[in-house]
>>> print(open('protein_17.txt').read())   # compact mmCIF, C-alpha atoms
# COMPACT_ATOMS: atom_id res chain seq x y z
CA MET A 53 32.49 120.75 139.46
CA PHE A 54 33.81 123.93 141.08
CA PRO A 55 35.81 126.59 139.22
CA ARG A 56 39.48 125.77 139.68
CA TYR A 57 41.54 127.96 141.98
CA HIS A 58 44.88 129.31 140.75
CA PRO A 59 47.35 130.26 143.51
CA GLY A 60 48.37 133.88 143.24
CA ALA A 61 45.38 134.82 141.13
CA PRO A 62 43.86 138.19 142.07
CA VAL A 63 40.78 137.96 144.25
CA SER A 64 38.45 140.57 145.67
CA LYS A 65 39.41 141.79 149.13
CA LYS A 66 37.08 140.52 151.84
CA THR A 67 36.53 141.46 155.46
CA VAL A 68 36.99 138.26 157.45
CA ILE A 69 36.50 137.64 161.16
CA VAL A 70 38.71 134.82 162.47
CA LEU A 71 37.17 133.47 165.68
CA GLY A 72 39.74 131.74 167.90
CA ILE A 73 42.71 133.63 166.44
CA ASP A 74 44.98 132.81 169.41
CA GLY A 75 44.85 129.07 168.71
CA TYR A 76 47.10 126.72 166.76
CA LEU A 77 45.13 126.97 163.52
CA GLY A 78 43.42 130.30 164.07
CA TRP A 79 46.68 132.21 164.21
CA ALA A 80 48.20 130.56 161.13
CA THR A 81 44.95 131.07 159.20
CA ALA A 82 44.69 134.75 160.15
CA LEU A 83 48.24 135.39 158.91
CA HIS A 84 47.56 133.52 155.66
CA LEU A 85 44.39 135.49 154.92
CA SER A 86 46.00 138.80 155.89
CA SER A 87 48.97 138.04 153.66
CA ALA A 88 46.56 137.31 150.79
CA GLY A 89 45.21 140.85 151.09
CA HIS A 90 42.04 140.30 153.10
CA ASP A 91 41.08 142.54 156.02
CA VAL A 92 41.21 140.36 159.13
CA VAL A 93 39.49 140.92 162.47
CA GLY A 94 40.74 138.48 165.12
CA ILE A 95 38.59 137.41 168.07
CA ASP A 96 39.61 135.31 171.07
CA SER A 97 38.82 135.07 174.78
CA LEU A 98 42.33 133.63 175.49
CA VAL A 99 40.67 130.80 177.41
CA ARG A 100 43.03 128.26 175.84
CA ARG A 101 45.90 129.79 177.82
CA ARG A 102 43.85 129.49 181.01
CA TRP A 103 43.15 125.83 180.28
CA ASP A 104 46.90 125.30 179.92
CA ARG A 105 47.37 126.67 183.41
CA GLU A 106 44.60 124.44 184.74
CA CYS A 107 46.01 121.27 183.17
CA GLY A 108 49.69 122.07 183.77
CA THR A 109 50.43 121.93 180.04
CA GLN A 110 52.20 124.32 177.70
CA SER A 111 53.07 124.68 174.06
CA LEU A 112 56.46 123.20 173.26
CA ILE A 113 57.16 126.33 171.20
CA PRO A 114 56.88 129.56 173.24
CA ILE A 115 54.17 131.84 171.87
CA LYS A 116 53.88 135.58 172.29
CA THR A 117 50.89 137.48 173.64
CA MET A 118 48.26 138.51 171.11
CA PRO A 119 49.20 142.23 171.22
CA GLN A 120 52.84 141.28 170.61
CA ARG A 121 51.88 138.99 167.73
CA VAL A 122 49.74 141.46 165.80
CA THR A 123 52.23 144.29 166.39
CA LEU A 124 55.08 142.19 165.01
CA TRP A 125 52.98 141.09 162.01
CA ARG A 126 52.24 144.72 161.11
CA ARG A 127 55.87 145.72 161.50
CA LEU A 128 57.09 142.89 159.26
CA THR A 129 54.41 143.04 156.56
CA GLY A 130 52.55 146.32 156.80
CA HIS A 131 49.29 144.34 157.16
CA ARG A 132 47.05 145.17 160.10
CA ILE A 133 45.06 142.53 162.00
CA ASP A 134 42.33 144.07 164.15
CA TRP A 135 42.67 142.03 167.36
CA ARG A 136 39.77 142.16 169.84
CA PRO A 137 39.41 140.13 173.08
CA MET A 138 35.91 138.70 173.29
CA ASP A 139 34.03 135.62 174.52
CA LEU A 140 31.76 134.07 171.90
CA CYS A 141 29.41 133.01 174.69
CA ASP A 142 28.65 136.70 175.33
CA ALA A 143 25.59 137.12 173.10
CA ARG A 144 25.54 140.91 173.31
CA ALA A 145 29.21 141.20 172.34
CA VAL A 146 28.73 138.79 169.41
CA THR A 147 25.70 140.73 168.18
CA GLU A 148 27.56 144.05 168.36
CA LEU A 149 30.56 142.55 166.55
CA ILE A 150 28.51 141.24 163.62
CA ARG A 151 26.37 144.37 163.41
CA ASP A 152 29.36 146.73 163.43
CA VAL A 153 31.86 144.83 161.26
CA GLN A 154 29.43 143.45 158.64
CA PRO A 155 31.94 140.77 157.59
CA ASP A 156 31.95 139.03 154.23
CA ALA A 157 32.95 135.83 156.02
CA LEU A 158 33.57 134.30 159.46
CA VAL A 159 36.09 131.54 160.10
CA HIS A 160 34.99 129.75 163.25
CA PHE A 161 37.77 128.08 165.29
CA ALA A 162 36.55 129.37 168.66
CA GLU A 163 35.72 126.11 170.42
CA GLN A 164 37.10 123.75 173.06
CA ARG A 165 38.77 121.26 170.73
CA SER A 166 40.15 118.46 172.91
CA ALA A 167 38.41 115.08 173.14
CA PRO A 168 40.34 114.05 176.31
CA PHE A 169 39.52 117.38 178.00
CA SER A 170 35.81 116.73 177.36
CA MET A 171 36.06 113.26 178.93
CA ILE A 172 37.74 114.25 182.24
CA ASP A 173 34.50 114.52 184.21
CA LEU A 174 31.01 116.03 184.17
CA PRO A 175 32.16 119.67 184.57
CA HIS A 176 34.52 119.37 181.59
CA ALA A 177 31.94 117.61 179.42
CA THR A 178 29.44 120.34 180.31
CA LEU A 179 31.94 123.13 179.74
CA THR A 180 32.79 121.71 176.31
CA GLN A 181 29.22 121.46 175.10
CA VAL A 182 28.05 124.77 176.58
CA ASN A 183 31.08 126.68 175.29
CA ASN A 184 30.86 125.21 171.81
CA LEU A 185 27.10 125.16 171.28
CA VAL A 186 26.17 128.44 172.95
CA GLY A 187 28.92 130.30 171.13
CA THR A 188 27.77 128.99 167.76
CA LEU A 189 24.10 129.69 168.53
CA ASN A 190 24.97 133.28 169.48
CA LEU A 191 26.75 133.59 166.16
CA LEU A 192 23.87 132.15 164.12
CA PHE A 193 21.29 134.50 165.63
CA ALA A 194 23.58 137.50 165.13
CA LEU A 195 24.05 136.55 161.48
CA ARG A 196 20.31 136.13 161.00
CA ASP A 197 19.54 139.54 162.43
CA HIS A 198 22.44 141.65 161.17
CA ALA A 199 24.47 139.96 158.39
CA PRO A 200 22.47 137.16 156.69
CA LYS A 201 24.69 137.24 153.58
CA THR A 202 27.88 136.55 155.54
CA HIS A 203 29.56 133.25 154.67
CA LEU A 204 30.18 131.11 157.79
CA ILE A 205 33.19 128.79 157.50
CA LYS A 206 33.08 126.43 160.47
CA LEU A 207 35.89 124.06 161.40
CA GLY A 208 34.25 120.72 162.05
CA THR A 209 35.98 117.38 162.45
CA MET A 210 36.18 114.04 160.68
CA GLY A 211 35.60 112.59 164.14
CA GLU A 212 31.90 113.37 163.73
CA TYR A 213 31.63 110.43 161.34
CA GLY A 214 33.22 107.77 163.52
CA THR A 215 34.43 104.65 161.72
CA PRO A 216 31.47 103.17 159.79
CA ASN A 217 31.88 100.00 157.76
CA ILE A 218 30.99 101.91 154.57
CA ASP A 219 32.69 104.67 152.58
CA ILE A 220 32.38 108.09 154.22
CA GLU A 221 30.88 110.64 151.83
CA GLU A 222 31.29 114.41 152.13
CA GLY A 223 28.47 115.24 154.50
CA PHE A 224 25.55 113.67 152.68
CA LEU A 225 24.50 110.23 151.51
CA THR A 226 21.92 109.25 148.88
CA ILE A 227 19.71 106.53 150.38
CA THR A 228 17.15 104.29 148.70
CA HIS A 229 14.64 102.79 151.14
CA ASN A 230 11.43 100.93 150.37
CA GLY A 231 11.49 102.13 146.80
CA ARG A 232 12.06 105.81 147.63
CA GLN A 233 15.26 107.84 147.44
CA ASP A 234 16.55 110.91 149.28
CA ARG A 235 19.82 112.76 149.94
CA LEU A 236 20.28 112.85 153.71
CA PRO A 237 22.99 113.85 156.18
CA PHE A 238 25.55 111.07 156.59
CA PRO A 239 24.93 108.94 159.72
CA MET A 240 27.33 110.04 162.47
CA GLN A 241 28.97 108.14 165.34
CA PRO A 242 31.00 110.69 167.35
CA GLY A 243 33.65 109.35 169.71
CA SER A 244 33.63 111.81 172.63
CA PHE A 245 31.61 114.62 174.20
CA TYR A 246 33.80 117.01 172.21
CA HIS A 247 32.96 115.29 168.93
CA LEU A 248 29.30 115.26 169.91
CA SER A 249 29.44 119.03 170.41
CA LYS A 250 30.82 119.44 166.89
CA LEU A 251 28.01 117.29 165.49
CA HIS A 252 25.39 119.33 167.36
CA ASP A 253 27.02 122.45 165.87
CA SER A 254 26.69 120.94 162.40
CA HIS A 255 23.00 120.24 162.96
CA ASN A 256 22.37 123.77 164.24
CA ILE A 257 24.19 125.38 161.32
CA GLN A 258 22.45 123.20 158.76
CA PHE A 259 19.09 124.07 160.34
CA ALA A 260 19.86 127.80 160.26
CA CYS A 261 20.78 127.62 156.58
CA ARG A 262 17.55 125.79 155.81
CA ILE A 263 15.15 128.06 157.69
CA TRP A 264 16.91 131.45 157.59
CA GLY A 265 18.74 131.24 154.27
CA LEU A 266 22.20 131.55 155.83
CA ARG A 267 25.19 130.21 153.92
CA ALA A 268 27.82 127.94 155.47
CA THR A 269 30.75 125.67 154.68
CA ASP A 270 31.44 122.96 157.26
CA LEU A 271 35.06 121.81 156.98
CA HIS A 272 35.22 118.31 158.45
CA GLN A 273 38.91 118.36 159.21
CA GLY A 274 41.27 115.48 159.87
CA VAL A 275 44.25 115.54 162.24
CA VAL A 276 46.58 118.45 161.46
CA TYR A 277 50.37 118.22 161.76
CA GLY A 278 53.25 120.65 161.27
CA ASN A 279 53.88 124.16 162.60
CA HIS A 280 55.28 126.11 159.70
CA THR A 281 53.56 128.10 157.02
CA ASP A 282 55.33 130.76 154.96
CA ASP A 283 53.82 133.41 157.22
CA VAL A 284 54.50 131.76 160.59
CA ALA A 285 58.08 131.04 159.53
CA MET A 286 58.87 134.73 158.95
CA ASP A 287 59.89 135.31 162.58
CA ALA A 288 60.07 133.29 165.81
CA GLY A 289 57.69 135.83 167.34
CA LEU A 290 54.98 134.68 164.92
CA SER A 291 55.15 131.04 166.05
CA THR A 292 51.97 129.06 166.59
CA ARG A 293 51.35 126.35 169.16
CA PHE A 294 52.96 122.89 169.30
CA ASP A 295 51.04 120.58 171.66
CA TYR A 296 52.30 117.09 172.42
CA ASP A 297 50.76 116.21 175.80
CA ALA A 298 47.97 113.69 176.42
CA ILE A 299 45.18 116.27 176.63
CA TRP A 300 45.93 118.72 173.82
CA GLY A 301 48.55 117.00 171.71
CA THR A 302 48.14 115.02 168.50
CA VAL A 303 49.57 111.59 167.86
CA LEU A 304 52.25 112.61 165.34
CA ASN A 305 53.53 115.36 167.63
CA ARG A 306 53.76 112.85 170.49
CA PHE A 307 55.68 110.36 168.35
CA CYS A 308 58.12 113.05 167.14
CA VAL A 309 58.83 114.25 170.69
CA GLN A 310 59.36 110.67 171.86
CA ALA A 311 61.68 109.97 168.92
CA ALA A 312 63.73 113.11 169.56
CA LEU A 313 64.21 112.06 173.20
CA GLY A 314 65.09 108.46 172.34
CA LEU A 315 61.92 107.13 173.97
CA PRO A 316 59.76 104.33 172.57
CA LEU A 317 56.75 105.45 170.53
CA THR A 318 53.58 104.70 172.49
CA VAL A 319 50.75 103.29 170.36
CA TYR A 320 47.40 103.03 172.14
CA GLY A 321 45.78 99.65 171.60
CA LYS A 322 46.47 97.65 168.43
CA GLY A 323 47.20 100.76 166.39
CA GLY A 324 44.80 100.00 163.55
CA GLN A 325 42.81 103.17 164.29
CA THR A 326 42.80 104.99 160.93
CA ARG A 327 42.16 108.68 160.42
CA GLY A 328 42.59 111.44 157.84
CA PHE A 329 45.62 113.73 158.21
CA LEU A 330 46.81 116.98 156.65
CA ASP A 331 49.65 119.48 156.82
CA ILE A 332 48.93 122.84 158.47
CA ARG A 333 49.81 124.50 155.15
CA ASP A 334 46.88 122.65 153.61
CA THR A 335 44.57 123.71 156.43
CA VAL A 336 45.13 127.42 155.74
CA ALA A 337 44.85 126.80 151.98
CA CYS A 338 41.53 124.97 152.44
CA VAL A 339 40.07 127.81 154.49
CA ARG A 340 41.11 130.30 151.83
CA LEU A 341 39.60 128.15 149.08
CA ALA A 342 36.30 128.02 150.96
CA LEU A 343 36.45 131.78 151.56
CA GLU A 344 37.11 132.68 147.95
CA ASN A 345 34.54 130.18 146.62
CA PRO A 346 31.62 130.82 149.00
CA ALA A 347 28.47 128.80 149.58
CA GLY A 348 25.27 130.13 148.03
CA GLU A 349 22.27 131.59 149.82
CA GLY A 350 20.61 128.93 151.97
CA GLU A 351 23.38 126.42 151.19
CA TYR A 352 24.97 124.21 153.82
CA ARG A 353 27.86 122.27 152.31
CA VAL A 354 30.43 119.89 153.77
CA PHE A 355 34.03 119.47 152.61
CA ASN A 356 36.07 116.63 154.10
CA GLN A 357 39.37 118.37 154.79
CA PHE A 358 42.31 115.98 154.77
CA THR A 359 44.84 114.73 152.24
CA GLU A 360 45.97 111.26 153.40
CA GLN A 361 44.79 108.39 155.59
CA PHE A 362 47.06 106.57 158.04
CA SER A 363 46.64 104.13 160.88
CA VAL A 364 48.30 105.05 164.17
CA LYS A 365 50.67 102.10 163.78
CA THR A 366 51.64 103.22 160.27
CA LEU A 367 52.43 106.71 161.59
CA ALA A 368 54.65 105.22 164.28
CA GLU A 369 56.45 103.14 161.65
CA LYS A 370 56.99 106.23 159.49
CA VAL A 371 58.62 108.05 162.40
CA ARG A 372 60.71 104.97 163.25
CA ASP A 373 61.88 104.62 159.64
CA ALA A 374 62.72 108.33 159.36
CA ARG A 375 64.99 107.98 162.40
CA ALA A 376 66.49 104.75 161.09
CA ALA A 377 67.66 106.67 157.99
CA HIS A 378 69.96 108.56 160.39
CA GLY A 379 71.20 105.37 162.06
CA LEU A 380 68.97 105.78 165.10
CA THR A 381 66.96 102.87 166.49
CA THR A 382 63.43 103.64 167.73
CA ASN A 383 61.15 101.12 169.41
CA ILE A 384 57.36 100.98 169.19
CA ILE A 385 55.38 99.78 172.20
CA HIS A 386 51.64 99.26 172.68
CA LEU A 387 49.77 100.61 175.72
CA PRO A 388 46.20 99.85 176.80
CA ASN A 389 43.88 102.14 174.85
CA PRO A 390 42.27 104.81 177.08
CA ARG A 391 39.60 105.43 174.45
CA VAL A 392 36.60 103.33 173.55
CA GLU A 393 37.01 102.89 169.81
CA ARG A 394 37.53 100.26 167.14
CA GLU A 395 41.21 99.40 166.91
CA GLU A 396 40.92 97.57 163.58
CA HIS A 397 38.35 98.76 161.08
CA TYR A 398 37.48 99.73 157.52
CA TYR A 399 38.09 103.39 156.69
CA ASN A 400 37.66 105.07 153.32
CA ALA A 401 36.62 108.72 153.42
CA LYS A 402 36.02 110.82 150.31
CA HIS A 403 37.81 114.19 150.06
CA GLN A 404 37.40 115.36 146.48
CA LYS A 405 35.66 118.72 146.77
CA LEU A 406 38.65 120.74 147.97
CA LEU A 407 40.83 119.09 145.33
CA ASP A 408 38.30 120.21 142.73
CA LEU A 409 38.64 123.76 144.05
CA GLY A 410 42.38 123.57 143.44
CA LEU A 411 43.98 122.33 146.67
CA GLN A 412 47.59 121.31 146.05
CA PRO A 413 48.38 118.94 148.94
CA HIS A 414 51.59 118.64 150.90
CA TYR A 415 52.07 114.96 151.70
CA LEU A 416 53.71 113.49 154.79
CA GLY A 417 57.25 112.31 154.14
CA ASP A 418 60.50 111.71 155.98
CA THR A 419 61.59 115.30 155.41
CA LEU A 420 58.51 116.70 157.13
CA ILE A 421 58.87 114.25 160.03
CA GLU A 422 62.50 115.27 160.48
CA SER A 423 61.53 118.95 160.38
CA VAL A 424 59.04 118.37 163.21
CA ILE A 425 61.67 116.47 165.18
CA ASP A 426 64.05 119.38 164.56
CA ILE A 427 61.50 121.69 166.21
CA VAL A 428 61.50 119.39 169.25
CA GLU A 429 65.29 119.41 169.38
CA ARG A 430 65.39 123.21 169.45
CA HIS A 431 62.90 123.37 172.34
CA ALA A 432 63.80 120.16 174.21
CA SER A 433 64.26 122.02 177.51
CA ARG A 434 60.50 122.68 177.55
CA VAL A 435 59.53 119.00 177.24
CA ASP A 436 57.88 117.42 180.29
CA PRO A 437 58.76 113.70 179.98
CA VAL A 438 55.94 112.72 182.33
CA GLU A 439 53.46 113.92 179.70
CA LEU A 440 54.79 111.19 177.41
CA GLU A 441 54.54 108.23 179.78
CA GLN A 442 50.84 107.35 180.08
CA PRO A 443 47.53 108.87 178.94
CA ASN A 444 45.88 110.69 181.84
CA VAL A 445 42.23 110.60 180.73
CA ASP A 446 40.30 107.34 180.35
CA TRP A 447 37.02 107.24 178.41
CA ARG A 448 35.46 104.84 180.95
CA ARG A 449 36.67 106.40 184.21
CA GLY A 450 37.52 110.00 183.33
CA GLY A 451 40.63 111.88 184.42
CA THR A 452 43.24 109.99 186.39
CA ALA A 453 44.73 111.38 189.59
CA GLY A 454 47.49 113.09 187.60
CA TRP A 455 45.52 114.90 184.89
CA ARG A 456 45.47 118.22 186.78
CA LYS A 457 48.93 119.59 187.31
CA PRO A 458 49.03 123.39 187.69
CA LEU A 459 51.70 124.89 185.46
CA LYS A 460 53.89 126.24 188.27
CA LYS A 461 54.05 122.80 189.86
CA ALA A 462 54.70 121.20 186.48
CA ALA A 463 57.59 123.58 185.87
CA ALA A 464 58.99 122.87 189.31
CA ASP A 465 58.76 119.13 188.65
CA ARG A 466 60.65 119.56 185.39
CA ASP A 467 63.33 121.60 187.12
CA ALA A 468 63.62 119.10 189.97
CA SER A 469 64.56 116.37 187.51
CA HIS A 470 67.24 116.86 184.89
CA ARG A 471 66.30 118.36 181.56
CA PRO A 472 65.69 115.80 178.79
CA VAL A 473 68.58 115.29 176.38
CA VAL A 474 67.84 115.04 172.69
CA VAL A 475 68.91 111.93 170.81
CA SER A 476 69.66 112.92 167.23
CA SER A 477 71.96 112.19 164.34
CA LYS A 478 73.81 115.38 165.32
CA SER A 479 74.68 114.29 168.86
CA PRO A 480 76.36 111.29 170.52
CA ALA A 481 74.50 108.69 172.53
CA SER A 482 72.68 110.37 175.37
CA THR A 483 71.12 109.69 178.70
CA ILE A 484 67.57 110.97 179.06
CA PRO A 485 66.55 111.60 182.65
CA LEU A 486 62.95 110.75 183.55
CA ARG A 487 61.10 110.16 186.77
CA GLY A 488 61.45 106.77 188.35
CA THR A 489 64.45 104.66 189.38
CA GLU A 490 67.89 105.40 187.99
CA LYS A 491 67.65 102.28 185.83
CA GLU A 492 64.35 103.48 184.39
CA ARG A 493 65.83 106.90 183.69
CA ARG A 494 68.66 105.68 181.48
CA VAL A 495 67.67 105.57 177.82
CA ALA A 496 70.47 104.95 175.34
CA GLN A 497 70.61 106.08 171.73
CA THR A 498 70.46 102.47 170.54
CA ARG A 499 67.14 101.82 172.26
>>> encode(input="protein_17.txt", output="C-alpha cells")
Amino acid sequence: MFPRYHPGAPVSKKTVIVLGIDGYLGWATALHLSSAGHDVVGIDSLVRRRWDRECGTQSLIPIKTMPQRVTLWRRLTGHRIDWRPMDLCDARAVTELIRDVQPDALVHFAEQRSAPFSMIDLPHATLTQVNNLVGTLNLLFALRDHAPKTHLIKLGTMGEYGTPNIDIEEGFLTITHNGRQDRLPFPMQPGSFYHLSKLHDSHNIQFACRIWGLRATDLHQGVVYGNHTDDVAMDAGLSTRFDYDAIWGTVLNRFCVQAALGLPLTVYGKGGQTRGFLDIRDTVACVRLALENPAGEGEYRVFNQFTEQFSVKTLAEKVRDARAAHGLTTNIIHLPNPRVEREEHYYNAKHQKLLDLGLQPHYLGDTLIESVIDIVERHASRVDPVELEQPNVDWRRGGTAGWRKPLKKAAADRDASHRPVVVSSKSPASTIPLRGTEKERRVAQTR
C-alpha cells in the first residue's frame, strides 16, 4: 500500500523536464506541475505541428505558439516555464540537457502517438518506431551517465496489452508453470506499429532499470478525453489541442463533433471494442502522483492509468442520450472497421495503484459530454466535415488516397463548401452542408 496523497498538501519543489510540452497532454501537465510549485523545463521539437501540415489536419481549438504560451503563463501566474526547442533523437542535445539541468524527474510524452499514422505505409511505420525508440534510448543513456537518480515517468498505453481473455494486471503477472512460480511481465498483444513502439520502449526502460539501477514509472494510459483543467481554463491563450480527425482524433471527440453537427455517430465494426478511459484532469493528477511518490532505485513499476471502461458502442449511446436530454435526435451507424481487432471480447483491467496513491477520479457523465460538445459549437467554423465521413487509414492496406491533404488545400476545400452549422438545443433546426449531392448535404435537426 502506498502512502495516501492529500491534494493541496505541501510537497518538496522538484525540477521536472516535460518532454513533448507542445502536445495535448504535455502542455496541460506542464501547467499543472508549474502551478503546484515545481520548476518546469519544457522540451519539444514542434514536429506535431509539421505532421498536421503533412496530413492536412488541425486542432479544432486554435493553439498559440510555444513562446506565446509560456509568456502568457508567466504573466498570469508569475510561474516561469523554461521552454527549449529540441529533438529527442539528437543524442548530443539530450545528453547536454540531462547533464546541465540535473532534473529530479522527467515526464516523457515526446513520441509519435497515433496508431493510424503508424499504419499509413512503411515510411510512417519506420518514422514512428525510430522516433519513439531512438529518443527513449538517447534518454536512458543520458540518465545512466549523468543523472542516474532521476525518476523517469513515461507515458505508455493500455494498447500495449491488447484484449486478452484474462484480467489485465498492472504490468506484471504471477505465473505458476510446471510446479515453479515467478512474477513476469504481462503478455502483450499490441495492435499497431505505434503500440509496438510503446511496448519496445517499456522493454528498454525495464532493462535499463534492471542493469543500471535507474528508476521509472510506466503509466499505461487509457484513452483521454476533455480539454479543460483549472490551469488551461484560465485563458483562451492557454488552450491545449482538440483532435477529432481520423488520424489524430479520439473516438469520444469524433462522436461529440458529429453530434454537434447533427451527423450520425460512426461506430467502426460492431462497437464491442472496450477500452479504459479517463478525463484529462485525471491524467495530470496521475502524473503528479507518480512524481511526488517516486519509484525506488532500480525499480520499474507499471500503473494502469484510467478510471472507467466503456465499449465504443456504449460511448456512442452516452453521447446520443446526452443529446436526447435536450430534445435532439442522434443516430448511430456502423461502418466497416478499418482496424484488425476483436470487436466483441472480454476486458477487465486492474487500475488500483493510482487510487491507492490518492487519485480522485472525474467520471464521464452527461455534463462532461455536453461541455465537450459546447467546445465544438464555439469552434464549429474550424470543423472539416470530410474528416468525419470515413476513416482514411486501413490496417490491411495502409493509407487511402485521401489520407494526405496538405493544410492549405484542406482549408481551401472547407472554404469552397459552406461552413458547417451547429445543431444544438440553443439553435433552430439547421442545414449542415457537406460534400456530395445537395440531397446528401441536407441534415435536419431531427435526424
>>> closest_residue(input="protein_17.txt", among="A:Arg353, A:Lys370, A:Arg101, A:Arg262", to="Pro114 of chain A", atoms="all atoms listed in the file")
A:Arg101
>>> closest_residue(input="protein_17.txt", among="A:Asp418, A:Asp219, A:Asp270, A:Asp287", to="His203 of chain A", atoms="all atoms listed in the file")
A:Asp270
>>> closest_residue(input="protein_17.txt", among="A:Val70, A:Leu248, A:Ala260, A:Ile220", to="Met171 of chain A", atoms="all atoms listed in the file")
A:Leu248
>>> closest_residue(input="protein_17.txt", among="A:Leu407, A:Met210, A:Leu179, A:Ile299", to="Gln241 of chain A", atoms="only C-alpha atoms")
A:Met210
>>> residues_around(input="protein_17.txt", residues="Pro200 of chain A", least_positions_apart="3", cutoff="6 Å", atoms="only C-alpha atoms", output="VMD selection string")
chain A and resid 195 to 196 266
>>> residues_around(input="protein_17.txt", residues="Phe224 of chain A", least_positions_apart="5", cutoff="12 Å", atoms="all atoms listed in the file", output="PDB file with C-alpha atoms, in the frame of the given file")
ATOM      1  CA  TYR A 213      31.630 110.430 161.340  1.00  0.00           C
ATOM      2  CA  ASP A 219      32.690 104.670 152.580  1.00  0.00           C
ATOM      3  CA  ASP A 234      16.550 110.910 149.280  1.00  0.00           C
ATOM      4  CA  ARG A 235      19.820 112.760 149.940  1.00  0.00           C
ATOM      5  CA  LEU A 236      20.280 112.850 153.710  1.00  0.00           C
ATOM      6  CA  PRO A 237      22.990 113.850 156.180  1.00  0.00           C
ATOM      7  CA  PHE A 238      25.550 111.070 156.590  1.00  0.00           C
ATOM      8  CA  PRO A 239      24.930 108.940 159.720  1.00  0.00           C
ATOM      9  CA  MET A 240      27.330 110.040 162.470  1.00  0.00           C
ATOM     10  CA  GLN A 258      22.450 123.200 158.760  1.00  0.00           C
ATOM     11  CA  ASP A 270      31.440 122.960 157.260  1.00  0.00           C
ATOM     12  CA  TYR A 352      24.970 124.210 153.820  1.00  0.00           C
ATOM     13  CA  ARG A 353      27.860 122.270 152.310  1.00  0.00           C
ATOM     14  CA  VAL A 354      30.430 119.890 153.770  1.00  0.00           C
ATOM     15  CA  PHE A 355      34.030 119.470 152.610  1.00  0.00           C
ATOM     16  CA  ASN A 356      36.070 116.630 154.100  1.00  0.00           C
ATOM     17  CA  LYS A 402      36.020 110.820 150.310  1.00  0.00           C
TER      18      LYS A 402
END
>>> residues_around(input="protein_17.txt", residues="Pro388 of chain A", least_positions_apart="6", cutoff="12 Å", atoms="all atoms listed in the file", output="list of chain:residue names")
A:Thr318, A:Val319, A:Tyr320, A:Gly321, A:Lys322, A:Gly323, A:Glu395, A:Gln442, A:Pro443, A:Asn444, A:Asp446, A:Trp447
>>> build_atoms(input="protein_17.txt", residues="segment 348-359 of chain A", atoms="N, CA and C atoms", output="PDB file, in the frame of the given file")
ATOM      1  N   GLY A 348      26.359 129.276 148.485  1.00  0.00           N
ATOM      2  CA  GLY A 348      25.270 130.130 148.030  1.00  0.00           C
ATOM      3  C   GLY A 348      24.257 130.392 149.126  1.00  0.00           C
ATOM      4  N   GLU A 349      23.314 131.269 148.850  1.00  0.00           N
ATOM      5  CA  GLU A 349      22.270 131.590 149.820  1.00  0.00           C
ATOM      6  C   GLU A 349      21.478 130.344 150.194  1.00  0.00           C
ATOM      7  N   GLY A 350      21.350 130.092 151.488  1.00  0.00           N
ATOM      8  CA  GLY A 350      20.610 128.930 151.970  1.00  0.00           C
ATOM      9  C   GLY A 350      21.365 127.618 151.852  1.00  0.00           C
ATOM     10  N   GLU A 351      22.619 127.659 151.415  1.00  0.00           N
ATOM     11  CA  GLU A 351      23.380 126.420 151.190  1.00  0.00           C
ATOM     12  C   GLU A 351      24.204 126.051 152.419  1.00  0.00           C
ATOM     13  N   TYR A 352      24.088 124.801 152.822  1.00  0.00           N
ATOM     14  CA  TYR A 352      24.970 124.210 153.820  1.00  0.00           C
ATOM     15  C   TYR A 352      25.738 123.104 153.117  1.00  0.00           C
ATOM     16  N   ARG A 353      27.041 123.258 153.022  1.00  0.00           N
ATOM     17  CA  ARG A 353      27.860 122.270 152.310  1.00  0.00           C
ATOM     18  C   ARG A 353      28.956 121.755 153.226  1.00  0.00           C
ATOM     19  N   VAL A 354      29.398 120.546 152.953  1.00  0.00           N
ATOM     20  CA  VAL A 354      30.430 119.890 153.770  1.00  0.00           C
ATOM     21  C   VAL A 354      31.594 119.507 152.863  1.00  0.00           C
ATOM     22  N   PHE A 355      32.794 119.911 153.259  1.00  0.00           N
ATOM     23  CA  PHE A 355      34.030 119.470 152.610  1.00  0.00           C
ATOM     24  C   PHE A 355      34.810 118.636 153.628  1.00  0.00           C
ATOM     25  N   ASN A 356      35.175 117.425 153.267  1.00  0.00           N
ATOM     26  CA  ASN A 356      36.070 116.630 154.100  1.00  0.00           C
ATOM     27  C   ASN A 356      37.489 117.127 153.867  1.00  0.00           C
ATOM     28  N   GLN A 357      38.105 117.647 154.898  1.00  0.00           N
ATOM     29  CA  GLN A 357      39.370 118.370 154.790  1.00  0.00           C
ATOM     30  C   GLN A 357      40.521 117.539 155.322  1.00  0.00           C
ATOM     31  N   PHE A 358      41.081 116.714 154.468  1.00  0.00           N
ATOM     32  CA  PHE A 358      42.310 115.980 154.770  1.00  0.00           C
ATOM     33  C   PHE A 358      42.927 115.562 153.448  1.00  0.00           C
ATOM     34  N   THR A 359      44.147 115.084 153.480  1.00  0.00           N
ATOM     35  CA  THR A 359      44.840 114.730 152.240  1.00  0.00           C
ATOM     36  C   THR A 359      45.292 113.274 152.185  1.00  0.00           C
TER      37      THR A 359
END
